[in-house]
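Colleague: Sending over query17.cif (mmCIF, C-alpha atoms and all ligand atoms).
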data_run
loop_
_atom_site.label_atom_id
_atom_site.label_comp_id
_atom_site.auth_asym_id
_atom_site.auth_seq_id
_atom_site.Cartn_x
_atom_site.Cartn_y
_atom_site.Cartn_z
CA MET A 1 34.86 -20.64 25.49
CA LYS A 2 32.90 -23.81 26.22
CA SER A 3 29.31 -23.09 27.25
CA VAL A 4 28.17 -24.26 30.66
CA LEU A 5 25.03 -25.42 28.85
CA SER A 6 27.10 -27.99 26.94
CA THR A 7 27.64 -29.92 30.21
CA LYS A 8 26.36 -33.44 29.63
CA ILE A 9 24.27 -34.59 32.58
CA GLY A 10 23.97 -38.25 33.60
CA ILE A 11 21.18 -39.27 35.98
CA VAL A 12 21.07 -42.59 37.80
CA GLY A 13 17.36 -43.47 37.82
CA GLY A 14 14.65 -42.58 35.29
CA GLY A 15 11.50 -42.48 37.41
CA GLN A 16 9.28 -39.43 37.93
CA LEU A 17 11.95 -37.48 39.81
CA GLY A 18 14.40 -38.02 36.95
CA LYS A 19 11.70 -37.08 34.46
CA MET A 20 10.94 -33.78 36.20
CA MET A 21 14.69 -33.00 36.49
CA ILE A 22 15.04 -33.61 32.75
CA GLN A 23 12.06 -31.39 31.93
CA GLU A 24 13.97 -28.53 33.59
CA ALA A 25 17.32 -29.51 32.07
CA LYS A 26 15.75 -29.56 28.61
CA LYS A 27 14.35 -26.03 29.05
CA MET A 28 17.96 -24.89 29.17
CA GLY A 29 19.03 -27.20 26.36
CA PHE A 30 21.18 -29.64 28.32
CA TRP A 31 22.02 -33.08 26.92
CA VAL A 32 20.87 -35.77 29.34
CA ALA A 33 21.42 -39.50 29.75
CA ILE A 34 19.78 -41.81 32.27
CA LEU A 35 20.43 -45.26 33.67
CA ASP A 36 17.27 -47.20 34.50
CA PRO A 37 16.34 -50.88 34.28
CA GLU A 38 12.93 -50.23 32.69
CA PRO A 39 13.00 -49.47 28.93
CA LEU A 40 9.69 -47.59 29.29
CA CYS A 41 10.49 -45.81 32.57
CA ALA A 42 8.87 -42.41 33.22
CA ALA A 43 11.85 -40.46 31.82
CA HIS A 44 12.60 -42.60 28.76
CA SER A 45 10.93 -40.46 26.10
CA LEU A 46 12.79 -37.29 27.12
CA VAL A 47 16.39 -38.46 27.13
CA ASP A 48 19.25 -38.39 24.67
CA GLU A 49 20.65 -41.72 25.88
CA HIS A 50 19.15 -44.43 28.03
CA ILE A 51 21.37 -47.13 29.48
CA VAL A 52 19.01 -49.96 30.36
CA ALA A 53 20.58 -51.54 33.45
CA GLY A 54 20.08 -52.00 37.17
CA LEU A 55 20.71 -49.13 39.59
CA LYS A 56 23.36 -51.20 41.36
CA ASP A 57 25.14 -52.28 38.15
CA ARG A 58 28.71 -51.04 38.61
CA ASP A 59 29.71 -51.33 34.96
CA ALA A 60 26.61 -49.48 33.78
CA ILE A 61 27.23 -46.60 36.22
CA ILE A 62 30.83 -46.34 34.96
CA LYS A 63 29.52 -46.34 31.38
CA LEU A 64 27.03 -43.56 32.21
CA SER A 65 29.85 -41.49 33.70
CA GLU A 66 31.97 -41.99 30.59
CA ILE A 67 29.36 -40.50 28.29
CA CYS A 68 28.61 -37.56 30.64
CA ASP A 69 30.46 -34.63 32.24
CA ILE A 70 28.72 -34.85 35.61
CA VAL A 71 26.67 -37.53 37.34
CA THR A 72 23.68 -37.06 39.63
CA TYR A 73 20.88 -39.33 40.82
CA GLU A 74 17.16 -39.32 41.58
CA ILE A 75 17.18 -42.15 44.12
CA GLU A 76 19.49 -43.00 47.01
CA HIS A 77 19.30 -46.79 46.85
CA ILE A 78 22.04 -47.14 44.25
CA ASN A 79 25.61 -48.47 44.03
CA VAL A 80 27.56 -45.88 46.00
CA ASP A 81 30.89 -47.71 45.58
CA ALA A 82 30.57 -47.28 41.82
CA LEU A 83 29.96 -43.55 42.39
CA PHE A 84 33.16 -43.35 44.46
CA GLU A 85 34.98 -44.94 41.51
CA VAL A 86 33.49 -42.36 39.14
CA GLU A 87 34.66 -39.57 41.43
CA ARG A 88 38.16 -41.05 41.73
CA ALA A 89 38.33 -41.16 37.94
CA GLY A 90 37.88 -37.38 37.99
CA LYS A 91 34.20 -37.09 37.07
CA PRO A 92 32.12 -34.98 39.48
CA VAL A 93 29.21 -36.69 41.25
CA TYR A 94 26.57 -34.50 42.93
CA PRO A 95 25.58 -34.87 45.73
CA SER A 96 28.93 -36.41 46.75
CA PRO A 97 29.22 -40.19 47.19
CA ALA A 98 30.61 -39.53 50.70
CA SER A 99 27.39 -37.77 51.75
CA LEU A 100 25.24 -40.39 50.00
CA LYS A 101 26.99 -43.22 51.83
CA VAL A 102 26.17 -41.70 55.23
CA ILE A 103 22.60 -40.78 54.27
CA GLN A 104 21.79 -44.15 52.63
CA ASN A 105 21.94 -45.77 56.04
CA LYS A 106 19.28 -44.34 58.38
CA TYR A 107 21.44 -45.14 61.43
CA THR A 108 24.65 -43.42 60.26
CA GLN A 109 22.51 -40.55 58.95
CA LYS A 110 20.88 -39.98 62.37
CA GLN A 111 24.16 -40.47 64.24
CA THR A 112 25.82 -37.80 62.07
CA LEU A 113 22.98 -35.37 62.72
CA LEU A 114 23.09 -36.09 66.46
CA ASP A 115 26.88 -35.58 66.56
CA LYS A 116 26.44 -32.19 64.88
CA GLY A 117 23.76 -31.05 67.32
CA VAL A 118 20.73 -31.39 65.01
CA PRO A 119 17.64 -32.49 66.98
CA VAL A 120 16.57 -36.09 66.18
CA PRO A 121 14.30 -38.59 67.98
CA GLU A 122 16.09 -40.93 70.41
CA PHE A 123 17.32 -44.06 68.62
CA LEU A 124 19.41 -47.19 69.14
CA PRO A 125 21.02 -49.79 66.86
CA VAL A 126 19.31 -53.21 66.79
CA SER A 127 20.98 -56.52 66.02
CA SER A 128 18.63 -58.91 67.85
CA ALA A 129 15.07 -59.14 69.20
CA ASP A 130 16.62 -58.71 72.66
CA ASP A 131 17.94 -55.28 71.62
CA ILE A 132 14.32 -54.31 70.85
CA LEU A 133 13.24 -55.39 74.34
CA ALA A 134 16.09 -53.39 75.88
CA ALA A 135 15.03 -50.33 73.85
CA GLY A 136 11.45 -50.87 75.10
CA GLU A 137 12.70 -50.56 78.69
CA LYS A 138 14.28 -47.24 77.81
CA PHE A 139 11.78 -45.66 75.37
CA GLY A 140 8.49 -47.35 76.30
CA TYR A 141 5.96 -48.57 73.68
CA PRO A 142 5.09 -48.11 70.87
CA MET A 143 8.45 -47.73 69.10
CA MET A 144 9.31 -47.45 65.41
CA LEU A 145 11.61 -50.23 64.18
CA LYS A 146 13.35 -49.38 60.90
CA ALA A 147 15.49 -51.15 58.33
CA CYS A 148 18.61 -48.97 58.04
CA LEU A 149 18.90 -49.56 54.30
CA GLY A 150 16.52 -49.44 51.37
CA GLY A 151 13.26 -48.31 53.04
CA TYR A 152 10.75 -46.01 51.33
CA ASP A 153 7.03 -45.18 51.66
CA GLY A 154 6.96 -46.89 55.05
CA ARG A 155 8.19 -50.21 53.59
CA GLY A 156 11.05 -50.92 55.93
CA ASN A 157 9.26 -49.68 59.06
CA PHE A 158 7.47 -51.75 61.71
CA LEU A 159 5.53 -50.26 64.61
CA VAL A 160 6.39 -52.34 67.68
CA LYS A 161 3.33 -51.91 69.90
CA SER A 162 4.47 -54.08 72.82
CA ALA A 163 7.27 -56.35 74.02
CA ALA A 164 5.31 -59.30 72.57
CA GLN A 165 5.99 -57.95 69.05
CA ALA A 166 9.78 -57.70 69.37
CA LYS A 167 10.55 -60.95 67.57
CA GLU A 168 7.80 -60.45 64.97
CA GLY A 169 9.22 -57.03 64.08
CA PHE A 170 12.79 -58.27 63.96
CA ASP A 171 11.81 -61.09 61.61
CA ALA A 172 9.45 -58.94 59.50
CA LEU A 173 12.21 -56.46 58.63
CA GLY A 174 14.76 -59.19 57.95
CA GLY A 175 16.89 -58.35 60.97
CA ALA A 176 19.02 -61.39 60.27
CA THR A 177 19.93 -60.11 56.80
CA GLY A 178 20.24 -56.33 57.15
CA PRO A 179 20.95 -53.77 59.89
CA LEU A 180 18.03 -52.35 61.87
CA MET A 181 17.52 -49.43 64.24
CA ILE A 182 14.76 -48.47 66.63
CA GLU A 183 13.34 -45.07 67.49
CA LYS A 184 11.30 -43.68 70.29
CA PHE A 185 7.78 -43.06 68.95
CA VAL A 186 7.39 -39.35 68.38
CA ASP A 187 4.05 -37.93 69.48
CA PHE A 188 4.19 -35.17 66.87
CA THR A 189 1.56 -32.55 66.12
CA ILE A 190 2.31 -32.39 62.38
CA GLU A 191 4.97 -33.52 59.92
CA ILE A 192 6.73 -30.93 57.82
CA SER A 193 9.51 -30.88 55.27
CA VAL A 194 11.92 -28.30 53.99
CA LEU A 195 13.77 -28.44 50.70
CA ALA A 196 17.16 -26.84 50.49
CA CYS A 197 19.56 -26.52 47.62
CA ARG A 198 23.30 -25.91 47.77
CA GLY A 199 25.35 -24.77 44.82
CA ARG A 200 28.85 -25.93 43.88
CA ASP A 201 30.10 -22.61 45.29
CA GLY A 202 28.42 -23.24 48.65
CA GLN A 203 25.47 -20.84 48.28
CA ILE A 204 22.33 -22.21 49.91
CA ALA A 205 18.68 -21.61 49.01
CA VAL A 206 15.98 -22.77 51.42
CA TYR A 207 12.34 -23.33 50.41
CA PRO A 208 9.16 -22.49 52.34
CA VAL A 209 8.02 -25.07 54.93
CA GLY A 210 5.36 -27.57 53.81
CA GLN A 211 3.02 -29.69 55.91
CA ASN A 212 2.90 -33.37 54.94
CA ASN A 213 -0.11 -35.60 55.53
CA HIS A 214 0.48 -39.31 55.07
CA LYS A 215 -2.00 -42.13 54.42
CA ASN A 216 -0.69 -45.58 55.35
CA GLU A 217 2.81 -44.08 55.66
CA VAL A 218 2.71 -42.88 52.02
CA LEU A 219 2.62 -39.13 51.36
CA ASP A 220 -0.91 -38.10 50.41
CA GLU A 221 -0.87 -34.31 50.59
CA THR A 222 1.56 -31.41 51.03
CA ARG A 223 0.21 -28.00 52.08
CA VAL A 224 2.32 -24.88 51.81
CA PRO A 225 2.74 -22.75 53.85
CA ALA A 226 2.63 -25.10 56.84
CA PRO A 227 0.40 -23.94 59.73
CA ILE A 228 3.20 -23.32 62.23
CA SER A 229 4.43 -20.38 64.29
CA GLU A 230 7.07 -18.02 62.93
CA LYS A 231 9.49 -19.42 65.49
CA THR A 232 8.97 -23.00 64.32
CA ARG A 233 9.25 -21.91 60.70
CA ALA A 234 12.54 -20.16 61.37
CA SER A 235 14.00 -23.12 63.24
CA ALA A 236 12.88 -25.61 60.56
CA MET A 237 14.58 -23.50 57.89
CA ASP A 238 17.71 -23.18 60.05
CA VAL A 239 17.83 -26.95 60.49
CA ALA A 240 17.57 -27.44 56.71
CA ARG A 241 20.42 -24.98 56.17
CA SER A 242 22.58 -26.78 58.77
CA VAL A 243 21.92 -30.12 57.07
CA MET A 244 23.26 -28.71 53.79
CA GLU A 245 26.36 -27.46 55.57
CA ILE A 246 26.94 -30.73 57.48
CA PHE A 247 26.77 -32.87 54.34
CA GLU A 248 28.21 -30.22 52.02
CA GLY A 249 25.42 -31.35 49.74
CA VAL A 250 25.43 -30.09 46.17
CA GLY A 251 21.96 -30.17 44.65
CA ILE A 252 18.57 -30.38 46.29
CA PHE A 253 17.98 -32.14 49.62
CA CYS A 254 14.73 -32.66 51.49
CA VAL A 255 14.65 -32.65 55.28
CA GLU A 256 11.59 -34.35 56.80
CA MET A 257 10.81 -33.20 60.34
CA PHE A 258 8.32 -33.70 63.13
CA VAL A 259 6.84 -30.68 64.91
CA LEU A 260 6.59 -31.49 68.62
CA LYS A 261 4.00 -30.31 71.14
CA ASP A 262 6.40 -27.63 72.42
CA GLU A 263 6.66 -26.32 68.81
CA THR A 264 10.28 -27.40 68.39
CA VAL A 265 11.32 -29.63 65.46
CA SER A 266 13.04 -33.00 65.29
CA VAL A 267 14.50 -34.44 62.07
CA ASN A 268 12.92 -37.69 60.83
CA GLU A 269 15.01 -38.26 57.72
CA ILE A 270 16.92 -36.67 54.88
CA ALA A 271 16.70 -37.38 51.17
CA PRO A 272 19.72 -36.23 49.10
CA ARG A 273 17.56 -35.61 46.01
CA PRO A 274 14.33 -33.94 44.88
CA HIS A 275 11.42 -35.16 47.01
CA ASN A 276 7.74 -35.89 46.56
CA SER A 277 6.89 -33.26 49.18
CA GLY A 278 8.64 -30.65 47.02
CA HIS A 279 6.55 -31.17 43.89
CA TYR A 280 4.42 -28.17 44.85
CA SER A 281 7.44 -26.00 43.99
CA ILE A 282 6.91 -26.52 40.24
CA GLU A 283 3.81 -24.32 40.22
CA GLY A 284 4.11 -22.84 43.72
CA CYS A 285 7.60 -21.32 43.75
CA VAL A 286 9.57 -18.98 41.55
CA THR A 287 12.13 -21.75 40.92
CA SER A 288 11.18 -25.41 41.35
CA GLN A 289 13.21 -28.00 43.26
CA PHE A 290 14.07 -29.64 39.92
CA ALA A 291 15.22 -26.42 38.27
CA ASN A 292 17.43 -25.58 41.23
CA HIS A 293 18.87 -29.08 41.31
CA ILE A 294 19.91 -28.80 37.67
CA ARG A 295 21.31 -25.29 38.26
CA ALA A 296 23.28 -26.53 41.28
CA VAL A 297 24.86 -29.60 39.66
CA ALA A 298 25.70 -27.63 36.50
CA GLY A 299 27.42 -24.94 38.58
CA LEU A 300 24.91 -22.20 37.79
CA PRO A 301 23.50 -19.60 40.23
CA LEU A 302 20.49 -20.81 42.21
CA GLY A 303 17.03 -19.37 41.62
CA GLU A 304 14.65 -17.68 44.01
CA THR A 305 12.69 -20.12 46.20
CA ARG A 306 9.87 -17.79 47.23
CA LEU A 307 6.31 -19.14 47.31
CA VAL A 308 4.26 -17.37 44.63
CA LYS A 309 0.87 -18.51 45.98
CA PRO A 310 -0.36 -20.98 48.61
CA ALA A 311 -0.14 -24.48 47.12
CA VAL A 312 -1.46 -27.97 47.76
CA MET A 313 -0.05 -31.14 46.21
CA ARG A 314 -2.06 -34.37 46.14
CA ASN A 315 -0.48 -37.67 45.13
CA ILE A 316 -2.14 -39.92 42.56
CA LEU A 317 -1.60 -43.57 43.46
CA GLY A 318 -2.61 -46.64 41.47
CA GLU A 319 -6.21 -47.57 42.33
CA PRO A 320 -6.38 -50.87 44.22
CA GLY A 321 -7.90 -53.61 42.05
CA TYR A 322 -6.60 -52.13 38.79
CA ASP A 323 -3.15 -53.59 38.16
CA GLY A 324 -2.11 -53.45 34.50
CA PRO A 325 -1.50 -50.93 31.68
CA ALA A 326 -2.30 -47.44 32.99
CA ASN A 327 -5.65 -45.91 32.07
CA PRO A 328 -5.88 -42.51 33.80
CA GLN A 329 -9.43 -41.19 34.10
CA GLY A 330 -10.67 -37.71 35.00
CA ALA A 331 -8.17 -35.26 33.47
CA GLU A 332 -11.18 -33.16 32.36
CA ASN A 333 -12.40 -32.88 35.95
CA VAL A 334 -9.00 -31.85 37.32
CA LEU A 335 -8.23 -29.29 34.66
CA ALA A 336 -11.65 -27.63 34.98
CA ILE A 337 -10.58 -26.49 38.46
CA PRO A 338 -8.90 -23.05 38.63
CA GLY A 339 -5.23 -23.22 39.55
CA ALA A 340 -4.95 -26.98 38.97
CA ALA A 341 -1.98 -28.63 37.27
CA LEU A 342 -2.00 -32.33 36.44
CA HIS A 343 1.18 -34.39 36.32
CA VAL A 344 0.93 -37.96 35.02
CA TYR A 345 4.29 -39.66 35.09
CA GLY A 346 3.73 -41.91 32.08
CA LYS A 347 4.54 -45.19 33.84
CA HIS A 348 3.11 -47.90 31.62
CA GLU A 349 1.99 -50.24 34.35
CA THR A 350 -0.16 -49.17 37.26
CA ARG A 351 -0.30 -51.12 40.52
CA ALA A 352 -2.20 -50.52 43.73
CA LYS A 353 -0.48 -47.70 45.68
CA ARG A 354 2.19 -47.08 43.01
CA LYS A 355 3.00 -43.36 42.62
CA MET A 356 1.55 -42.60 39.18
CA GLY A 357 1.17 -38.82 39.19
CA HIS A 358 0.25 -35.80 41.26
CA ILE A 359 -1.97 -32.75 41.19
CA THR A 360 -0.93 -29.30 42.37
CA ILE A 361 -3.40 -26.52 43.07
CA VAL A 362 -2.34 -22.94 43.62
CA ALA A 363 -4.88 -20.45 44.98
CA ASP A 364 -5.09 -17.10 46.74
CA THR A 365 -5.60 -18.78 50.11
CA LEU A 366 -4.46 -22.13 51.48
CA GLU A 367 -8.07 -23.02 52.43
CA GLU A 368 -9.15 -22.58 48.83
CA ALA A 369 -6.21 -24.67 47.60
CA VAL A 370 -7.08 -27.45 50.08
CA THR A 371 -10.75 -27.54 49.01
CA ARG A 372 -9.92 -27.49 45.30
CA GLY A 373 -7.20 -30.06 45.87
CA GLN A 374 -9.77 -32.42 47.40
CA GLN A 375 -12.16 -31.82 44.50
CA ALA A 376 -9.40 -32.53 41.98
CA PHE A 377 -8.27 -35.62 43.85
CA ASP A 378 -11.84 -36.99 43.99
CA GLY A 379 -12.30 -36.38 40.27
CA PHE A 380 -9.31 -38.43 39.11
CA LYS A 381 -8.61 -42.18 39.21
CA MET A 382 -5.63 -44.17 37.97
CA LEU A 383 -7.33 -47.26 36.54
CA SER A 384 -5.95 -49.89 34.15
CA THR A 385 -7.09 -51.04 30.72
CA THR A 386 -7.32 -54.55 32.09
CA GLY A 387 -9.03 -53.52 35.34
CA SER A 388 -12.30 -54.65 36.85
CA ASP A 389 -14.18 -51.68 35.33
N1 LIG A 401 10.02 -42.26 65.35
C1 LIG A 401 8.82 -42.09 64.77
N2 LIG A 401 7.75 -41.76 65.52
C2 LIG A 401 6.52 -41.60 64.97
N3 LIG A 401 6.26 -41.76 63.66
C3 LIG A 401 7.29 -42.09 62.85
C4 LIG A 401 8.62 -42.27 63.36
N4 LIG A 401 9.43 -42.56 62.33
C5 LIG A 401 8.64 -42.59 61.24
N5 LIG A 401 7.35 -42.31 61.53
C6 LIG A 401 6.22 -42.22 60.58
O1 LIG A 401 6.44 -43.10 59.47
C7 LIG A 401 6.59 -42.36 58.25
C8 LIG A 401 7.63 -43.03 57.37
O2 LIG A 401 8.86 -43.11 58.08
P1 LIG A 401 10.25 -42.76 57.41
O3 LIG A 401 11.33 -43.05 58.38
O4 LIG A 401 10.19 -41.39 56.87
O5 LIG A 401 10.32 -43.87 56.28
P2 LIG A 401 10.35 -43.82 54.70
O6 LIG A 401 11.80 -43.94 54.35
O7 LIG A 401 9.56 -45.03 54.32
O8 LIG A 401 9.75 -42.50 54.27
C9 LIG A 401 6.97 -40.97 58.71
O9 LIG A 401 6.66 -39.99 57.72
C10 LIG A 401 6.12 -40.83 59.97
O10 LIG A 401 4.77 -40.59 59.64
MG MG A 402 10.16 -40.58 54.90
#
Mind turning this structure into structure tokens?
Modeller:
Amino acid sequence: MKSVLSTKIGIVGGGQLGKMMIQEAKKMGFWVAILDPEPLCAAHSLVDEHIVAGLKDRDAIIKLSEICDIVTYEIEHINVDALFEVERAGKPVYPSPASLKVIQNKYTQKQTLLDKGVPVPEFLPVSSADDILAAGEKFGYPMMLKACLGGYDGRGNFLVKSAAQAKEGFDALGGATGPLMIEKFVDFTIEISVLACRGRDGQIAVYPVGQNNHKNEVLDETRVPAPISEKTRASAMDVARSVMEIFEGVGIFCVEMFVLKDETVSVNEIAPRPHNSGHYSIEGCVTSQFANHIRAVAGLPLGETRLVKPAVMRNILGEPGYDGPANPQGAENVLAIPGAALHVYGKHETRAKRKMGHITIVADTLEEAVTRGQQAFDGFKMLSTTGSD
């Protein structure tokens, strides 16, 4: 009988999320290929095959599917039509291209959630600056204007503070070239996220709730468990479970949510892939988001998602003023801290604000993990060999 472990896995994208998926796949001996435009991408040194091509390159995605038994992806901004073709040719793609197509577009994603009764902030489609003014009448200011396609780390969002900024926002996000939407500004108490994984057989595993703190709209820190009531925790986990059922997602999804003043939750967005806010699960949980993703797409039983110890994840971004070949400094400081794990993605070039690595601290209490996380963060800098040092 053919071993399930002989399944050849193809991943579209070879960044840090792909790398961490492959690290888990390799523990179980899977053969893995990636498609990524950068020859020296984060995952390149771990793979059996690397197709060097763009993430939207139809022919390259078909080629990847031909050398693999299943296809998955680490990023949602890819050629979904090519994935439909792969599926029609009889090769499984997880999560399904149908779910990816809906989720890729923030408007269709929110509309689907709304139709299924999942709480989301109020939103409207935008195709002109006048639509923004009309939304302002309804929602009041400020409002969050968003590009429906391709946004990440806040790039693709514009805070419209007053009617006077309607045209500026429309032009800034390229309203004439791509679809936009606008949301009522949510006066949230904290942001949280919940990872959930669904197997090919429909079994669902939901992770503990994490609190996400952003700096300049980029994730800076995740703290787990999130400081929320039991009721909020239960409803956040229920929402994550519903999302998996609505999209029939196979693999790991992340559901970002706002906690409102009345302690209810509202979904901000969904990622149909492992997520930065789930990195804590590598050291913090019995089974990491990456391990469960590989189990799910390979058709294996899912692992336990329980938190082993309170955990804090801090992102390492490229230090401003140091663009060039990466020169990470301070590993000694980080690793001298009890419970600290250092992840450096191995990207050759660092740039200001680029995600270059992360640190996870596990400790007996969350307070201890937060303090040590700050110490570790302060002791590490992603500089460059050509920097101003
Ligand atoms: N409607 C909103 N109200 C208030 N803050 C928002 C709203 N939408 C987004 N944000 C803030 O902007 C951040 C990034 O927005 P998000 O839609 O998640 O974009 P991205 O795809 O770049 O992650 C969110 O994590 C949140 O802090
Ligand atoms: Mg987001």
Colleague: Dump as JSON lines the rows for residues of chain A within 6 Å of ligand LIG 401 (chain A): closest atom pair and distance in Å with one decimal, all atoms listed in the file counted, ordered by chain and rising residue number.
Modeller:
{"residue": "A:Met144", "atom": "CA", "partner": "A:LIG401", "partner_atom": "N1", "distance": 5.2}
{"residue": "A:Gly151", "atom": "CA", "partner": "A:LIG401", "partner_atom": "O6", "distance": 4.8}
{"residue": "A:Tyr152", "atom": "CA", "partner": "A:LIG401", "partner_atom": "O7", "distance": 3.4}
{"residue": "A:Asp153", "atom": "CA", "partner": "A:LIG401", "partner_atom": "O7", "distance": 3.7}
{"residue": "A:Gly154", "atom": "CA", "partner": "A:LIG401", "partner_atom": "O7", "distance": 3.3}
{"residue": "A:Arg155", "atom": "CA", "partner": "A:LIG401", "partner_atom": "O7", "distance": 5.4}
{"residue": "A:Glu183", "atom": "CA", "partner": "A:LIG401", "partner_atom": "N1", "distance": 4.8}
{"residue": "A:Lys184", "atom": "CA", "partner": "A:LIG401", "partner_atom": "N1", "distance": 5.3}
{"residue": "A:Phe185", "atom": "CA", "partner": "A:LIG401", "partner_atom": "N2", "distance": 3.7}
{"residue": "A:Val186", "atom": "CA", "partner": "A:LIG401", "partner_atom": "N2", "distance": 3.8}
{"residue": "A:Glu217", "atom": "CA", "partner": "A:LIG401", "partner_atom": "C7", "distance": 4.9}
{"residue": "A:Glu269", "atom": "CA", "partner": "A:LIG401", "partner_atom": "O4", "distance": 5.8}
Colleague: Pick out the closest residue to Gly156 in chain A from this set: A:His50, A:Lys381, A:Lys106, A:His358. Count all atoms listed in the file.
Modeller: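 Smallest distance to Gly156 in chain A is found for A:Lys106.
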Colleague: Taking 4 positions as the minimum chain separation for residues in the same chain, which residues sit within 8 Å of Met257 in chain A when counting only C-alpha atoms? Answer as number ranges by chain.
Modeller: A: 191-193, 236, 265-269
Colleague: Which protein, DNA or RNA residues are at most 12 Å from (27.0, -49.8, 31.6) in the file's coordinates when you count all atoms listed in the file, listed as a PyMOL selection string?
Modeller: chain A and resi 12+33-37+49-67+82
Colleague: Please compute the CA of Ala326 in chain A-CA of His343 in chain A distance, one decimal, in Å.
Modeller: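 Between these atoms lies a distance of 13.9 Å.
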Colleague: Please measure the separation of CA of Leu114 in chain A and CA of Lys146 in chain A, giving the value in Å to one decimal.
Modeller: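 These two atoms are separated by 17.4 Å.
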Colleague: Considering only C-alpha atoms, return as an MDAnalysis selection string whatever protein or nucleic-acid residues lie within 12 Å of Pro92 in chain A, sequence-local ones (same chain, fewer than 6 positions apart) excluded.
Modeller: chainID A and resid 7:10 65:66 68:72 83:86 200 250 297:299
Colleague: I need the chosen residues saved as a PDB file, keeping the file's coordinate frame, with C-alpha atoms.
Modeller:
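Result file follows (out_18.pdb):
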ATOM      1  CA  THR A   7      27.640 -29.920  30.210  1.00  0.00           C
ATOM      2  CA  LYS A   8      26.360 -33.440  29.630  1.00  0.00           C
ATOM      3  CA  ILE A   9      24.270 -34.590  32.580  1.00  0.00           C
ATOM      4  CA  GLY A  10      23.970 -38.250  33.600  1.00  0.00           C
ATOM      5  CA  SER A  65      29.850 -41.490  33.700  1.00  0.00           C
ATOM      6  CA  GLU A  66      31.970 -41.990  30.590  1.00  0.00           C
ATOM      7  CA  CYS A  68      28.610 -37.560  30.640  1.00  0.00           C
ATOM      8  CA  ASP A  69      30.460 -34.630  32.240  1.00  0.00           C
ATOM      9  CA  ILE A  70      28.720 -34.850  35.610  1.00  0.00           C
ATOM     10  CA  VAL A  71      26.670 -37.530  37.340  1.00  0.00           C
ATOM     11  CA  THR A  72      23.680 -37.060  39.630  1.00  0.00           C
ATOM     12  CA  LEU A  83      29.960 -43.550  42.390  1.00  0.00           C
ATOM     13  CA  PHE A  84      33.160 -43.350  44.460  1.00  0.00           C
ATOM     14  CA  GLU A  85      34.980 -44.940  41.510  1.00  0.00           C
ATOM     15  CA  VAL A  86      33.490 -42.360  39.140  1.00  0.00           C
ATOM     16  CA  ARG A 200      28.850 -25.930  43.880  1.00  0.00           C
ATOM     17  CA  VAL A 250      25.430 -30.090  46.170  1.00  0.00           C
ATOM     18  CA  VAL A 297      24.860 -29.600  39.660  1.00  0.00           C
ATOM     19  CA  ALA A 298      25.700 -27.630  36.500  1.00  0.00           C
ATOM     20  CA  GLY A 299      27.420 -24.940  38.580  1.00  0.00           C
TER      21      GLY A 299
END
Colleague: Contacts of range 364-366 of chain A at 7 Å or less, counting only C-alpha atoms, minus same-chain residues fewer than 4 places along, as a PyMOL selection string?
Modeller: chain A and resi 309-311+370
Colleague: Show which residues sit within 6 Å of range 220-227 of chain A, as a ChimeraX atom specification. Count all atoms listed in the file, and ignore same-chain residues fewer than 6 positions away.
Modeller: /A:209-214,277,310-315
Colleague: Around (8.6, -30.7, 42.8) in the file's frame, which residues reach within 9 Å when counting only C-alpha atoms? Return as a list in words?
Modeller: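 Returned residue set, sorted by chain then number, is Leu17, Met20, Pro274, His275, Asn276, Ser277, Gly278, His279, Tyr280, Ser281, Ile282, Glu283, Ser288, Gln289 and Phe290 of chain A.
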Colleague: What's around range 335-341 of chain A at 8 Å? Count all atoms listed in the file, leave out sequence neighbours fewer than 4 positions away in its own chain, and write the answer as a VMD selection string.
Modeller: chain A and resid 283 331 359 to 363 372 to 373 376
Colleague: With C-alpha atoms retained, could you export that selection as a PDB file, keeping the file's coordinate frame?
Modeller:
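Result file is result_35.pdb:
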ATOM      1  CA  GLU A 283       3.810 -24.320  40.220  1.00  0.00           C
ATOM      2  CA  ALA A 331      -8.170 -35.260  33.470  1.00  0.00           C
ATOM      3  CA  ILE A 359      -1.970 -32.750  41.190  1.00  0.00           C
ATOM      4  CA  THR A 360      -0.930 -29.300  42.370  1.00  0.00           C
ATOM      5  CA  ILE A 361      -3.400 -26.520  43.070  1.00  0.00           C
ATOM      6  CA  VAL A 362      -2.340 -22.940  43.620  1.00  0.00           C
ATOM      7  CA  ALA A 363      -4.880 -20.450  44.980  1.00  0.00           C
ATOM      8  CA  ARG A 372      -9.920 -27.490  45.300  1.00  0.00           C
ATOM      9  CA  GLY A 373      -7.200 -30.060  45.870  1.00  0.00           C
ATOM     10  CA  ALA A 376      -9.400 -32.530  41.980  1.00  0.00           C
TER      11      ALA A 376
END
Colleague: Give the answer as one residue: which of A:Ser128, A:Lys138, A:Ala352, A:Ala271 has the shortest atom-to-atom distance to Ala176 in chain A, using only C-alpha atoms?
Modeller: A:Ser128
Colleague: How many Å lie between CA of Asn157 in chain A and CA of Leu260 in chain A, rounded to one decimal?
Modeller: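 It comes out at 20.7 Å.
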Colleague: Would you mind telling me which residue in A:Arg273, A:Glu304, A:Gly136, A:Lys231 lies nearest to Val206 in chain A when using all atoms listed in the file?
Modeller: A:Glu304
Colleague: Let me know the centre plus edge lengths, in Å and rounded to one decimal, of a box with edges along x, y and z that contains all listed atoms of range 265-274 of chain A and is padded by 5 Å on every side, as AutoDock Vina command-line options.
Modeller:
--center_x 15.5 --center_y -33.9 --center_z 55.2 --size_x 18.4 --size_y 18.6 --size_z 30.6
Colleague: Taking all atoms listed in the file into account, which of A:Gly18, A:Pro272, A:Pro95, A:Gly175 comes nearest ligand MG 402 (chain A)?
Modeller: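 Closest candidate: A:Pro272.
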